[in-house]
$ cat protein.cif   # mmCIF, C-alpha atoms and all ligand atoms
data_final
#
loop_
_atom_site.label_atom_id
_atom_site.label_comp_id
_atom_site.auth_asym_id
_atom_site.auth_seq_id
_atom_site.Cartn_x
_atom_site.Cartn_y
_atom_site.Cartn_z
CA MET A 288 132.20 204.79 5.46
CA VAL A 289 131.08 201.23 6.09
CA SER A 290 133.77 198.60 6.09
CA ALA A 291 133.12 194.96 5.29
CA GLN A 292 136.17 193.91 7.26
CA GLY A 293 135.54 191.43 10.03
CA ARG A 294 132.56 189.85 8.24
CA PRO A 295 133.62 186.61 6.58
CA ALA A 296 132.31 186.58 3.03
CA GLY A 297 129.61 184.03 2.26
CA ARG A 298 128.83 183.14 5.86
CA ASN A 299 125.66 185.11 6.43
CA ARG A 300 123.40 182.93 4.31
CA GLU A 301 124.24 179.83 6.33
CA GLN A 302 122.61 181.19 9.44
CA ILE A 303 119.01 180.12 9.84
CA ASN A 304 117.37 181.99 12.65
CA THR A 305 113.73 182.29 13.53
CA PRO A 306 113.29 185.86 14.79
CA SER A 307 110.62 184.90 17.31
CA GLY A 308 112.42 181.77 18.47
CA ARG A 309 109.28 179.80 17.65
CA GLY A 310 110.82 177.82 14.82
CA VAL A 311 109.61 174.24 14.56
CA PRO A 312 112.29 171.61 14.00
CA TYR A 313 111.85 169.48 10.92
CA ASP A 314 111.08 165.84 11.62
CA ALA A 315 109.65 162.71 10.01
CA THR A 316 106.10 163.59 11.05
CA MET A 317 106.27 166.82 9.10
CA ALA A 318 107.65 164.97 6.07
CA ALA A 319 104.68 162.59 6.17
CA THR A 320 102.29 165.52 6.45
CA ALA A 321 103.92 167.29 3.51
CA ALA A 322 103.57 164.15 1.39
CA ARG A 323 99.89 163.85 2.33
CA VAL A 324 99.31 167.52 1.51
CA ALA A 325 100.91 167.08 -1.90
CA ARG A 326 98.83 163.95 -2.57
CA ASN A 327 95.57 165.68 -1.58
CA GLU A 328 96.32 168.65 -3.81
CA GLU A 329 97.09 166.36 -6.75
CA LEU A 330 93.90 164.33 -6.20
CA PHE A 331 91.77 167.48 -6.20
CA ALA A 332 93.59 168.75 -9.29
CA GLU A 333 92.86 165.44 -11.08
CA ALA A 334 89.18 165.62 -10.12
CA ASN A 335 89.07 169.21 -11.34
CA ASP A 336 90.59 168.17 -14.67
CA ARG A 337 87.57 165.89 -15.17
CA ILE A 338 85.21 168.74 -14.24
CA ALA A 339 86.99 170.96 -16.79
CA THR A 340 86.53 168.33 -19.51
CA LEU A 341 82.79 168.16 -18.84
CA ALA A 342 82.57 171.95 -18.58
CA GLY A 343 83.95 172.20 -22.11
CA LEU A 344 80.35 171.70 -23.22
CA LEU A 345 79.30 174.97 -21.51
CA PRO A 346 79.55 178.50 -22.96
CA PRO A 347 83.21 179.60 -22.66
CA ARG A 348 82.74 182.52 -20.26
CA ARG A 349 80.55 180.62 -17.85
CA LEU A 350 82.04 180.18 -14.36
CA VAL A 351 82.56 176.54 -13.46
CA PRO A 352 82.41 175.25 -9.86
CA PHE A 353 85.73 173.56 -9.13
CA LEU A 354 86.76 171.80 -5.93
CA CYS A 355 88.98 173.80 -3.62
CA GLU A 356 92.53 172.51 -4.09
CA CYS A 357 93.75 173.30 -0.58
CA PRO A 358 95.67 170.60 1.39
CA SER A 359 92.67 169.62 3.53
CA ALA A 360 90.92 166.41 2.43
CA ALA A 361 87.92 167.53 4.50
CA CYS A 362 87.47 170.85 2.70
CA ALA A 363 84.26 171.04 0.67
CA GLU A 364 84.56 174.65 -0.50
CA ILE A 365 83.99 175.57 -4.14
CA ALA A 366 86.16 177.85 -6.25
CA GLU A 367 84.45 179.29 -9.33
CA LEU A 368 86.79 179.72 -12.29
CA SER A 369 86.24 180.19 -16.00
CA LEU A 370 87.74 177.46 -18.16
CA GLY A 371 90.37 179.95 -19.32
CA GLU A 372 91.39 180.71 -15.74
CA TYR A 373 91.52 177.00 -14.97
CA ALA A 374 93.59 176.19 -18.07
CA ALA A 375 96.10 178.93 -17.15
CA LEU A 376 96.40 177.41 -13.68
CA ARG A 377 97.13 173.91 -14.99
CA LEU A 378 100.11 175.12 -17.02
CA PHE A 379 102.07 175.01 -13.75
CA PRO A 380 102.29 171.64 -11.94
CA ASN A 381 102.68 173.24 -8.49
CA ARG A 382 99.87 175.78 -8.90
CA PHE A 383 96.50 175.31 -7.23
CA ALA A 384 93.19 177.17 -6.89
CA VAL A 385 91.89 177.66 -3.35
CA ALA A 386 88.32 178.83 -2.77
CA ALA A 387 88.05 182.41 -1.46
CA SER A 388 85.96 181.06 1.43
CA CYS A 389 88.61 178.47 2.38
CA ARG A 390 90.97 179.26 5.24
CA THR A 391 93.24 176.20 5.06
CA GLY A 392 95.01 177.48 1.95
CA ASP A 393 97.10 180.02 3.87
CA ARG A 394 100.07 177.82 4.69
CA PRO A 395 103.72 178.78 5.11
CA GLU A 396 104.81 176.47 2.28
CA THR A 397 102.57 178.15 -0.28
CA LEU A 398 103.09 181.38 -2.15
CA ILE A 399 100.06 183.44 -3.13
CA VAL A 400 100.23 184.23 -6.84
CA GLU A 401 96.85 185.89 -7.34
CA ARG A 402 93.80 186.59 -5.20
CA ASN A 403 90.36 187.76 -6.24
CA GLU A 404 86.83 187.61 -4.84
CA ARG A 405 86.25 184.06 -6.13
CA PHE A 406 89.55 182.23 -5.54
CA THR A 407 93.21 182.44 -4.58
CA VAL A 408 95.95 181.00 -6.79
CA VAL A 409 98.84 179.52 -4.79
CA ASP A 410 102.15 177.91 -5.69
CA ARG A 411 103.26 175.03 -3.50
CA ILE A 412 106.92 175.73 -2.78
CA ALA A 413 107.71 172.80 -0.44
ZN ZN B 501 89.91 174.41 0.95
#
$ encode --input "protein.cif" --output "structure tokens"
Amino acid sequence: MVSAQGRPAGRNREQINTPSGRGVPYDATMAATAARVARNEELFAEANDRIATLAGLLPPRRLVPFLCECPSAACAEIAELSLGEYAALRLFPNRFAVAASCRTGDRPETLIVERNERFTVVDRIA
């Protein structure tokens, strides 16, 4: 039998431990970086919206070269999506397409939703 006695209810979730002890303390620099990341992703998403509008003139199943929507302003990778895939992505404001060849998309504050040979769909969760 396992007894719950001696463990105060509701206390466990308040403990924030990093198992490796390598946790990085949150500071203003990280906040500024997070804001810049969010801004970059939104700028790329806006640019991609314009590409999608122009691509509306193409046959519907044709793959369209979109800009990688990872946080790096220096990234020049291309993610190929159909217009249907892109439209599904834009239904969620925090969802972005990262090129399969891009390595800056794997960040701790993103959640991978879908990955295929052309692109990775991530949700920004911070
Ligand atoms: Zn990228």
$ atom_distance --input "protein.cif" --atom1 "atom CA of Glu396 of chain A" --atom2 "atom CA of Pro380 of chain A"
15.2 Å
$ residues_near_ligand --input "protein.cif" --ligand "ligand ZN 501 (chain B)" --cutoff "7 Å" --atoms "only C-alpha atoms and all ligand atoms" --output "PyMOL selection string"
chain A and resi 355-359+362-364+385-386+389-392
$ closest_residue --input "protein.cif" --among "A:Thr397, A:Leu376, A:Leu370, A:Arg323" --to "Thr340 of chain A" --atoms "only C-alpha atoms"
A:Leu370
$ residues_around --input "protein.cif" --residues "Arg402 of chain A" --least-positions-apart "3" --cutoff "12 Å" --atoms "all atoms listed in the file" --output "list of chain:residue names"
A:Ala366, A:Phe383, A:Ala384, A:Val385, A:Ala386, A:Ala387, A:Ser388, A:Gly392, A:Asp393, A:Leu398, A:Ile399, A:Arg405, A:Phe406, A:Thr407, A:Val408, A:Val409
$ closest_residue --input "protein.cif" --among "A:Ala361, A:Val400, A:Ala322, A:Ala374" --to "Gly343 of chain A" --atoms "all atoms listed in the file"
A:Ala374
